[in-house]
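Below is data-v5.cif, holding mmCIF, C-alpha atoms.
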```cif
data_final
#
loop_
_atom_site.label_atom_id
_atom_site.label_comp_id
_atom_site.auth_asym_id
_atom_site.auth_seq_id
_atom_site.Cartn_x
_atom_site.Cartn_y
_atom_site.Cartn_z
CA MET A 272 7.87 15.70 -1.61
CA ALA A 273 5.89 18.72 -0.33
CA PHE A 274 2.61 17.81 1.32
CA ARG A 275 0.16 20.69 1.60
CA GLY A 276 -1.98 18.90 4.13
CA ARG A 277 -0.93 16.48 6.83
CA ARG A 278 1.68 13.83 6.27
CA PRO A 279 0.25 10.71 4.59
CA GLU A 280 1.24 8.68 7.64
CA LEU A 281 -1.22 10.66 9.75
CA ARG A 282 -4.11 10.18 7.34
CA GLY A 283 -4.51 6.48 7.95
CA PRO A 284 -2.88 3.07 7.69
CA PRO A 285 -0.74 2.47 4.58
CA GLU A 286 -2.97 -0.25 3.14
CA VAL A 287 -5.86 2.25 3.16
CA TYR A 288 -3.87 5.30 1.99
CA TYR A 289 -2.37 3.42 -0.93
CA ASP A 290 -5.61 2.42 -2.60
CA LYS A 291 -6.20 1.93 -6.33
CA ASN A 292 -6.28 5.68 -7.11
CA GLU A 293 -3.12 6.48 -5.23
CA ALA A 294 -1.38 3.47 -6.78
CA ARG A 295 -2.37 4.59 -10.26
CA LYS A 296 -1.13 8.13 -9.54
CA TYR A 297 2.15 6.69 -8.32
CA VAL A 298 2.73 4.85 -11.54
CA ARG A 299 1.54 7.51 -14.00
CA ASN A 300 3.32 10.51 -12.42
CA SER A 301 6.68 10.97 -14.12
CA ARG A 302 8.02 13.22 -11.34
CA MET A 303 7.21 10.56 -8.78
CA ILE A 304 8.99 7.92 -10.87
CA ASP A 305 11.99 10.22 -11.25
CA VAL A 306 12.26 10.97 -7.52
CA GLN A 307 11.84 7.33 -6.50
CA THR A 308 14.39 6.13 -9.06
CA LYS A 309 16.91 8.74 -7.92
CA MET A 310 16.46 7.69 -4.30
CA ALA A 311 16.84 4.03 -5.26
CA GLU A 312 20.04 4.93 -7.11
CA ARG A 313 21.44 6.74 -4.08
CA ALA A 314 20.43 3.89 -1.77
CA VAL A 315 22.19 1.32 -3.97
CA GLU A 316 25.23 3.63 -4.07
CA LEU A 317 25.28 3.74 -0.27
CA LEU A 318 25.05 -0.07 -0.17
CA CYS A 319 28.55 -0.23 -1.63
CA VAL A 320 28.08 -3.65 -3.17
CA PRO A 321 31.04 -4.79 -5.26
CA GLU A 322 30.65 -4.11 -8.97
CA ASP A 323 29.38 -6.80 -11.30
CA LYS A 324 28.33 -9.02 -8.45
CA PRO A 325 24.61 -9.88 -8.67
CA CYS A 326 23.09 -9.82 -5.18
CA TYR A 327 19.85 -11.08 -3.69
CA VAL A 328 18.25 -7.92 -2.32
CA LEU A 329 15.18 -7.37 -0.15
CA ASP A 330 13.07 -4.33 -1.04
CA ILE A 331 10.94 -3.25 1.88
CA GLY A 332 7.82 -1.31 1.00
CA CYS A 333 8.42 -2.08 -2.67
CA GLY A 334 5.03 -0.71 -3.71
CA THR A 335 4.72 -0.60 -7.49
CA GLY A 336 8.25 -1.91 -7.97
CA LEU A 337 9.85 1.37 -9.05
CA SER A 338 12.91 0.81 -6.91
CA GLY A 339 12.88 -2.87 -7.83
CA ASP A 340 13.14 -2.00 -11.51
CA TYR A 341 16.26 -0.02 -10.77
CA LEU A 342 17.69 -3.02 -8.89
CA SER A 343 16.95 -5.27 -11.88
CA ASP A 344 18.64 -2.78 -14.19
CA GLU A 345 21.74 -3.01 -12.04
CA GLY A 346 21.71 -6.78 -12.46
CA HIS A 347 20.48 -7.72 -8.99
CA TYR A 348 17.72 -10.16 -8.10
CA TRP A 349 15.21 -8.93 -5.57
CA VAL A 350 12.16 -9.78 -3.52
CA GLY A 351 9.76 -7.05 -2.47
CA ILE A 352 7.38 -6.91 0.46
CA ASP A 353 4.49 -4.43 0.75
CA ILE A 354 1.29 -4.11 2.75
CA SER A 355 -0.94 -2.56 0.08
CA PRO A 356 -2.64 -4.97 -2.36
CA ALA A 357 -3.42 -2.10 -4.76
CA MET A 358 0.24 -1.12 -5.09
CA LEU A 359 1.25 -4.75 -5.62
CA ASP A 360 -1.40 -5.12 -8.34
CA GLU A 361 0.19 -2.20 -10.17
CA ALA A 362 3.56 -3.89 -9.73
CA LEU A 363 2.15 -7.00 -11.42
CA ASP A 364 0.83 -4.91 -14.30
CA ARG A 365 4.27 -3.39 -14.74
CA ASP A 366 5.71 -6.92 -14.97
CA THR A 367 8.50 -6.58 -12.45
CA GLN A 368 11.40 -9.01 -12.50
CA GLY A 369 11.39 -9.63 -8.78
CA ASP A 370 8.84 -11.54 -6.71
CA VAL A 371 6.54 -9.53 -4.49
CA ILE A 372 4.93 -10.56 -1.23
CA LEU A 373 1.91 -9.13 0.56
CA GLY A 374 3.04 -8.65 4.14
CA ASP A 375 3.39 -6.26 7.07
CA MET A 376 7.00 -5.36 7.85
CA GLY A 377 6.08 -4.68 11.48
CA GLN A 378 5.19 -8.35 11.87
CA GLY A 379 8.63 -9.50 10.81
CA ILE A 380 10.23 -10.61 7.56
CA PRO A 381 9.10 -14.18 6.75
CA PHE A 382 12.39 -15.56 5.45
CA LYS A 383 15.07 -17.99 6.55
CA PRO A 384 18.08 -16.51 8.37
CA GLY A 385 20.94 -15.38 6.13
CA THR A 386 18.83 -15.17 2.98
CA PHE A 387 19.59 -11.69 1.64
CA ASP A 388 22.88 -10.06 0.73
CA ALA A 389 21.47 -6.56 1.15
CA CYS A 390 18.29 -4.65 1.76
CA ILE A 391 16.91 -1.32 0.58
CA SER A 392 13.77 0.56 1.40
CA ILE A 393 12.47 3.74 -0.19
CA SER A 394 10.05 5.97 1.75
CA ALA A 395 8.54 3.15 3.80
CA VAL A 396 9.92 2.74 7.33
CA GLN A 397 8.34 5.90 8.75
CA TRP A 398 4.94 4.17 8.44
CA LEU A 399 5.93 1.97 11.38
CA CYS A 400 6.08 4.95 13.71
CA ASN A 401 2.33 5.56 13.74
CA ALA A 402 -0.02 3.28 15.63
CA ASN A 403 -3.01 2.50 13.41
CA LYS A 404 -4.69 -0.11 15.60
CA LYS A 405 -5.22 0.06 19.35
CA SER A 406 -3.00 -2.98 19.77
CA ASP A 407 -0.07 -1.41 17.84
CA VAL A 408 2.91 -0.29 19.85
CA PRO A 409 5.29 1.43 17.39
CA ALA A 410 8.42 0.66 19.38
CA LYS A 411 7.55 -3.03 19.52
CA ARG A 412 6.76 -3.18 15.81
CA LEU A 413 9.98 -1.36 14.98
CA TYR A 414 11.98 -3.77 17.12
CA CYS A 415 10.23 -6.77 15.57
CA PHE A 416 11.02 -5.41 12.10
CA PHE A 417 14.67 -4.66 12.82
CA SER A 418 15.41 -7.89 14.63
CA SER A 419 13.90 -10.01 11.87
CA LEU A 420 15.75 -7.90 9.27
CA TYR A 421 19.00 -8.52 11.15
CA SER A 422 18.36 -12.24 11.01
CA VAL A 423 17.45 -12.49 7.32
CA LEU A 424 20.55 -10.58 6.23
CA VAL A 425 23.82 -12.47 5.78
CA ARG A 426 26.66 -11.69 8.22
CA GLY A 427 28.13 -8.39 7.14
CA GLY A 428 25.08 -7.54 5.08
CA ARG A 429 23.97 -3.94 4.72
CA ALA A 430 20.60 -2.25 4.75
CA VAL A 431 19.95 1.26 3.44
CA LEU A 432 16.53 2.60 4.38
CA GLN A 433 15.41 5.93 2.94
CA LEU A 434 12.71 7.46 5.10
CA TYR A 435 10.88 10.66 5.97
CA PRO A 436 11.00 11.06 9.75
CA GLU A 437 8.44 13.52 11.08
CA ASN A 438 10.79 14.92 13.72
CA SER A 439 14.01 14.10 15.53
CA GLU A 440 12.20 12.07 18.22
CA GLN A 441 10.87 9.73 15.55
CA LEU A 442 14.33 9.34 14.03
CA GLU A 443 15.74 8.65 17.48
CA LEU A 444 13.06 6.03 18.16
CA ILE A 445 13.91 4.28 14.90
CA THR A 446 17.67 4.35 15.45
CA THR A 447 17.32 3.13 19.06
CA GLN A 448 15.31 0.11 17.98
CA ALA A 449 17.75 -0.62 15.16
CA THR A 450 20.67 -0.53 17.62
CA ARG A 451 18.80 -2.79 20.05
CA ALA A 452 18.36 -5.30 17.26
CA GLY A 453 22.12 -5.47 16.81
CA PHE A 454 22.76 -3.15 13.89
CA THR A 455 25.57 -0.61 13.71
CA GLY A 456 25.65 2.31 11.32
CA GLY A 457 24.20 5.77 11.14
CA VAL A 458 22.09 8.31 9.31
CA VAL A 459 23.34 9.94 6.11
CA VAL A 460 21.60 13.24 5.34
CA ASP A 461 21.70 14.54 1.78
CA TYR A 462 21.30 18.29 1.18
CA PRO A 463 20.69 19.17 4.84
CA ASN A 464 20.18 22.85 4.10
CA SER A 465 17.34 22.45 1.62
CA ALA A 466 13.83 21.84 2.90
CA LYS A 467 12.66 20.08 -0.26
CA ALA A 468 15.76 18.15 -1.29
CA LYS A 469 16.68 16.96 2.22
CA LYS A 470 16.69 13.16 2.35
CA PHE A 471 17.46 10.81 5.23
CA TYR A 472 19.14 7.46 4.58
CA LEU A 473 19.45 5.10 7.53
CA CYS A 474 22.51 2.94 6.78
CA LEU A 475 22.66 -0.22 8.87
CA PHE A 476 25.45 -2.80 8.95
CA SER A 477 25.04 -6.22 10.48
CA GLY A 478 28.74 -6.98 10.73
CA PRO A 479 31.66 -5.10 12.27
CA SER A 480 31.26 -1.32 12.15
CA THR A 481 32.61 0.51 9.11
CA SER A 482 32.70 4.21 8.34
CA ILE A 483 29.51 5.88 7.15
CA PRO A 484 29.64 7.65 3.78
CA GLU A 485 29.31 11.44 3.72
CA GLY A 486 26.04 13.08 2.82
CA LEU A 487 25.71 15.17 -0.32
CA SER A 488 25.50 18.92 0.05
CA GLU A 489 25.04 21.80 -2.33
CA ASP A 490 28.12 23.95 -1.82
CA THR A 491 30.91 21.76 -3.00
CA GLU A 492 32.63 24.64 -4.82
CA GLU A 493 33.91 26.49 -1.74
CA GLU A 494 35.87 24.60 0.80
CA LYS A 495 33.65 25.25 3.77
CA PRO A 496 35.44 23.88 6.81
CA ALA A 497 32.78 21.52 8.16
CA LYS A 498 35.33 19.73 10.30
CA SER A 499 38.12 21.18 12.38
CA THR A 500 41.63 20.43 11.21
CA PHE A 501 43.76 18.49 13.62
CA THR A 502 47.46 19.19 13.52
CA ALA A 503 50.19 17.67 15.64
CA GLU A 504 51.78 21.08 16.05
CA ARG A 505 51.88 22.30 19.59
CA VAL A 506 53.32 25.66 20.70
CA PRO A 507 55.22 25.16 23.97
CA TYR A 508 53.09 27.09 26.41
CA ARG A 509 55.61 28.70 28.71
CA ILE A 510 57.86 29.88 25.87
CA ALA A 511 54.91 31.53 24.16
CA ARG A 512 53.97 33.34 27.31
CA ARG A 513 57.41 34.46 28.42
CA GLY A 514 57.40 37.72 26.51
CA VAL A 515 53.98 38.79 27.68
CA VAL A 516 53.55 40.89 30.77
CA ARG A 517 50.62 39.90 32.97
CA LYS A 518 47.57 42.19 32.73
CA SER A 519 48.92 44.08 29.72
CA ARG A 520 46.78 44.57 26.59
CA GLU A 521 48.76 41.92 24.79
CA TRP A 522 48.07 39.45 27.61
CA VAL A 523 44.35 40.25 27.55
CA LEU A 524 44.19 39.72 23.78
CA GLU A 525 46.07 36.44 24.09
CA LYS A 526 43.72 35.23 26.83
CA LYS A 527 40.67 36.11 24.73
CA ALA A 528 42.10 34.26 21.72
CA ARG A 529 42.75 31.21 23.91
CA ARG A 530 39.18 31.21 25.17
CA ARG A 531 37.89 31.53 21.61
CA ARG A 532 39.93 28.46 20.65
CA GLN A 533 38.32 26.64 23.55
CA GLY A 534 34.97 27.46 22.02
CA LYS A 535 33.76 29.83 24.73
CA GLU A 536 31.75 32.94 24.06
CA VAL A 537 34.08 35.95 23.95
CA ARG A 538 33.30 39.62 23.32
CA PRO A 539 34.79 40.99 20.10
CA ASP A 540 38.09 42.84 20.23
CA THR A 541 37.71 46.59 19.86
CA GLN A 542 39.85 49.65 20.38
CA TYR A 543 38.79 49.58 24.06
CA THR A 544 40.08 46.04 24.73
CA GLY A 545 42.64 46.04 27.55
CA ARG A 546 42.62 49.84 27.67
CA LYS A 547 44.18 51.45 30.70
CA ARG A 548 41.31 52.31 33.04
CA LYS A 549 41.19 55.30 35.50
CA PRO A 550 42.75 54.25 38.85
CA ARG A 551 39.72 53.82 41.14
CA PHE A 552 41.47 52.45 44.16
CA MET B 212 6.24 -16.52 -6.92
CA ARG B 213 9.37 -18.34 -8.03
CA LEU B 214 10.66 -21.55 -6.47
CA LEU B 215 13.79 -19.78 -5.22
CA THR B 216 11.59 -17.45 -3.18
CA HIS B 217 9.48 -20.37 -1.94
CA ASN B 218 12.62 -22.20 -0.85
CA LEU B 219 13.67 -19.27 1.33
CA LEU B 220 10.25 -18.34 2.73
CA SER B 221 9.60 -19.27 6.31
CA SER B 222 6.58 -18.91 8.54
CA HIS B 223 6.94 -16.05 11.03
CA VAL B 224 4.01 -16.93 13.24
CA ARG B 225 4.92 -16.33 16.89
CA GLY B 226 6.29 -19.36 18.68
CA VAL B 227 7.13 -21.28 15.54
CA GLY B 228 10.72 -20.20 14.94
CA PRO B 229 12.95 -22.49 12.86
CA ARG B 230 10.24 -25.19 12.70
CA GLY B 231 8.28 -22.85 10.43
CA PHE B 232 10.39 -23.98 7.49
CA PRO B 233 9.88 -25.28 4.83
CA LEU B 234 6.42 -24.17 3.82
CA ARG B 235 4.52 -26.91 2.06
CA LEU B 236 3.52 -25.80 -1.42
CA GLN B 237 0.27 -26.67 -3.15
CA ALA B 238 -0.10 -25.15 -6.60
CA THR B 239 -3.13 -24.98 -8.85
CA GLU B 240 -1.68 -22.71 -11.52
CA VAL B 241 1.93 -22.63 -12.69
CA ARG B 242 3.66 -20.66 -15.43
CA ILE B 243 7.07 -20.99 -17.08
CA ASN B 244 8.75 -17.64 -17.65
CA PRO B 245 12.09 -17.37 -19.46
CA VAL B 246 14.69 -15.44 -17.44
CA GLU B 247 18.19 -14.37 -18.42
CA PHE B 248 20.80 -16.84 -17.23
CA ASN B 249 23.41 -15.55 -14.79
CA PRO B 250 25.84 -18.30 -13.69
CA ASP B 251 27.44 -16.19 -10.93
CA PHE B 252 24.16 -15.62 -9.16
CA ILE B 253 23.03 -19.24 -9.43
CA ALA B 254 26.38 -20.50 -8.17
CA ARG B 255 26.13 -18.19 -5.15
CA MET B 256 22.56 -19.17 -4.33
CA ILE B 257 23.17 -22.97 -4.50
CA PRO B 258 24.61 -23.17 -0.93
CA LYS B 259 21.56 -21.33 0.42
CA VAL B 260 19.06 -23.69 -1.23
CA GLU B 261 17.40 -26.31 0.99
CA TRP B 262 17.39 -29.38 -1.27
CA ALA B 263 14.77 -31.46 0.49
CA ALA B 264 12.30 -28.61 0.30
CA LEU B 265 13.20 -27.92 -3.33
CA LEU B 266 12.74 -31.56 -4.35
CA GLU B 267 9.40 -31.71 -2.53
CA ALA B 268 8.20 -28.52 -4.24
CA ALA B 269 9.41 -29.71 -7.66
CA ASP B 270 7.64 -33.00 -7.09
CA THR B 271 4.37 -31.24 -6.28
CA LEU B 272 4.66 -29.24 -9.48
CA HIS B 273 5.55 -32.35 -11.47
CA LEU B 274 8.82 -30.91 -12.72
CA VAL B 275 11.28 -33.16 -14.48
CA GLU B 276 15.04 -32.81 -14.76
CA VAL B 277 15.60 -31.60 -11.22
CA PRO B 278 19.08 -32.47 -9.90
CA LYS B 279 18.87 -34.54 -6.72
CA GLU B 280 21.79 -32.84 -4.98
CA PRO B 281 24.59 -30.36 -5.68
CA ILE B 282 27.40 -32.11 -7.57
CA GLN B 283 31.08 -31.58 -6.94
CA GLY B 284 32.48 -28.51 -8.70
CA TYR B 285 29.05 -27.19 -9.59
CA GLU B 286 30.38 -23.64 -10.11
CA HIS B 287 31.86 -24.63 -13.45
CA ASN B 288 29.30 -27.17 -14.58
CA GLU B 289 27.15 -25.08 -16.91
CA GLU B 290 24.61 -27.81 -17.56
CA PHE B 291 23.93 -28.20 -13.86
CA LEU B 292 23.70 -24.46 -13.39
CA ARG B 293 21.27 -24.12 -16.30
CA LYS B 294 19.02 -26.82 -14.87
CA MET B 295 19.05 -25.11 -11.48
CA HIS B 296 18.38 -21.76 -13.14
CA HIS B 297 15.31 -23.21 -14.84
CA VAL B 298 13.99 -24.77 -11.64
CA LEU B 299 14.68 -21.84 -9.34
CA LEU B 300 13.98 -18.78 -11.46
CA GLU B 301 11.86 -19.78 -14.44
CA VAL B 302 9.02 -21.69 -12.78
CA GLU B 303 6.39 -19.40 -11.29
CA VAL B 304 3.47 -20.39 -9.10
CA LEU B 305 0.47 -18.18 -9.83
CA GLU B 306 -2.28 -19.73 -7.67
CA GLY B 307 -1.92 -22.03 -4.71
CA THR B 308 -1.31 -22.19 -0.98
CA LEU B 309 1.61 -22.42 1.39
CA GLN B 310 1.22 -24.36 4.61
CA CYS B 311 3.21 -23.82 7.77
CA PRO B 312 4.45 -27.28 8.91
CA GLU B 313 4.26 -26.41 12.63
CA SER B 314 1.02 -24.51 13.07
CA GLY B 315 -0.80 -25.71 9.93
CA ARG B 316 -1.65 -22.15 9.00
CA LEU B 317 -2.39 -21.61 5.30
CA PHE B 318 -0.97 -18.67 3.35
CA PRO B 319 -2.83 -18.21 0.06
CA ILE B 320 -1.05 -17.32 -3.18
CA SER B 321 -3.05 -15.19 -5.59
CA ARG B 322 -1.76 -13.85 -8.96
CA GLY B 323 1.70 -14.95 -7.91
CA ILE B 324 1.67 -12.93 -4.67
CA PRO B 325 1.74 -14.92 -1.42
CA ASN B 326 -0.30 -13.30 1.35
CA MET B 327 1.83 -13.42 4.50
CA LEU B 328 -0.26 -11.06 6.61
CA LEU B 329 -0.72 -12.35 10.15
CA SER B 330 -3.60 -11.71 12.52
CA ASP B 331 -3.07 -10.06 15.89
CA GLU B 332 -2.96 -13.31 17.88
CA GLU B 333 -0.29 -14.76 15.64
CA THR B 334 2.06 -11.80 16.03
CA GLU B 335 1.87 -11.47 19.81
CA THR B 336 3.76 -13.84 22.07
#
```

Target format structure tokens, applied to this file:
Amino acid sequence: MAFRGRRPELRGPPEVYYDKNEARKYVRNSRMIDVQTKMAERAVELLCVPEDKPCYVLDIGCGTGLSGDYLSDEGHYWVGIDISPAMLDEALDRDTQGDVILGDMGQGIPFKPGTFDACISISAVQWLCNANKKSDVPAKRLYCFFSSLYSVLVRGGRAVLQLYPENSEQLELITTQATRAGFTGGVVVDYPNSAKAKKFYLCLFSGPSTSIPEGLSEDTEEEKPAKSTFTAERVPYRIARRGVVRKSREWVLEKKARRRRQGKEVRPDTQYTGRKRKPRF
Amino acid sequence: MRLLTHNLLSSHVRGVGPRGFPLRLQATEVRINPVEFNPDFIARMIPKVEWAALLEAADTLHLVEVPKEPIQGYEHNEEFLRKMHHVLLEVEVLEGTLQCPESGRLFPISRGIPNMLLSDEETET
């Protein structure tokens, strides 16, 4: 979402930003609905819940219930929590299938431990990073949110939070607090090379650590080597070097290739590499 | 707000902890809403349900036909599951209040949305 002006998080607290007009825009704008539904779809995909198993899901920052509707379509039951009364009123008008609660996620999730099988959040968590009242400390609110989220999820439950971090420090603040609360996991970045399509998904697991799914990227046609290939092949070092005379051109080229493999900065090989120089001494 | 949600809601006022459950329900407006029956989901949620709280809430709403406790082999007993489905998912509270048993704090419910916003003193230690 391209914002011409400042980010919405810097314009004021969420309950003030999401007033009746903004809520109505949210619901009437088909592009907005499309983007939010796509992100909800990707978040549910990253949750990796088993097929045909209806889960009890928590939707944080549910707003008008756009993501909740997608959850209902997939056969899950959900509860949403949001801080803006205007957005929740729109959710009521749209007759969502899940229950919604008016609450502040930075104050904690008001549920019994082990209530939810999973949790998603679309474009909400970055609001915790800005202090709107003098008494707000973002790190404390983030920790309160993550620790209560950890408790309301069942053991081995997953949370996928889609967010728009302002910069890498903000993302680091969020991930630090999540780790302190006991979560494992990581950040999945979709389309990292596009400014508009780039999306961050914070995937958190409350059980033993599992592997994080790969982010989507645009060039899937060419095989761009994003990882280095590890082979068990090893060339015996002394045998490889036996034929080479020390200080010869061949030796120089071999040494430069070795340093390139080590990842060091090496000048390119030209016709002058290892050339016999004029005897100066 | 459905009774399943009410059964799992807990007060998160600082210093209350596990004694903040269950929230006492007072309802002035209730609505019955038909919901599609899914036996898998109901069977999975039965172990999470706190029966004493559910019976108290059902009593306050004057509901009949509420099972007193989970019966043996409830996963395959469709009649039991249907009754639980009706109680948990089809009864909605539109107006009322929730009261925290420990601190006595009241959370109002308006248009089916419980207001769980806390003031500054209640969130700090």

Could I get the residues of segment 214-233 of chain B with an atom no further than 12 Å from an atom of segment 266-283 of chain B, each paired with its nearest atom pair and that distance in Å to one decimal, using only C-alpha atoms, sorted by chain and residue number, as a tab-separated table?
```
residue	atom	partner	partner_atom	distance
B:Leu214	CA	B:Ala268	CA	7.7
B:Leu215	CA	B:Ala268	CA	10.4
B:Thr216	CA	B:Ala268	CA	11.6
B:His217	CA	B:Ala268	CA	8.6
B:Asn218	CA	B:Ala268	CA	8.4
B:Pro233	CA	B:Ala268	CA	9.8
```

Tell me, counting all atoms listed in the file, for each residue of chain A within 7 Å of chain B, which pair of atoms is nearest and how far apart they are in Å to one decimal, in rows ordered by chain and increasing number, as a tab-separated table.
```
residue	atom	partner	partner_atom	distance
A:Pro325	CA	B:Phe252	CA	5.8
A:Asp370	CA	B:Met212	CA	5.6
A:Val371	CA	B:Ile324	CA	5.9
A:Ile372	CA	B:Ile324	CA	5.3
A:Leu373	CA	B:Asn326	CA	4.8
A:Gly374	CA	B:Leu328	CA	4.8
A:Asp375	CA	B:Leu328	CA	6.0
A:Gln378	CA	B:Thr334	CA	6.2
A:Gly379	CA	B:His223	CA	6.8
A:Pro381	CA	B:Ser221	CA	5.1
A:Phe382	CA	B:Leu220	CA	4.4
A:Lys383	CA	B:Leu219	CA	5.6
A:Thr386	CA	B:Leu219	CA	6.8
```

As a check of understanding: the span from atom CA of Cys400 of chain A to atom CA of Cys333 of chain A is 18.0 Å

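Computed from the coordinates, the atom CA of Val328 of chain A to atom CA of Val458 of chain A distance equals 20.3 Å.
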
Which is closest to Gln542 of chain A among A:Arg426, A:Lys405, A:Lys291, A:Arg520, if we use all atoms listed in the file?
A:Arg520

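One distance worth recording is that between atom CA of Leu475 of chain A and atom CA of Glu322 of chain A, which is 19.9 Å.
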
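Evaluated against the shown file, the PyMOL selection byres ((chain A and resi 290) around 12) gives Gly283, Pro284, Pro285, Glu286, Val287, Tyr288, Tyr289, Lys291, Asn292, Glu293, Ala294, Arg295, Lys296, Tyr297, Gly334, Thr335, Ile354, Ser355, Pro356, Ala357, Met358, Leu359, Asp360 and Glu361 of chain A.
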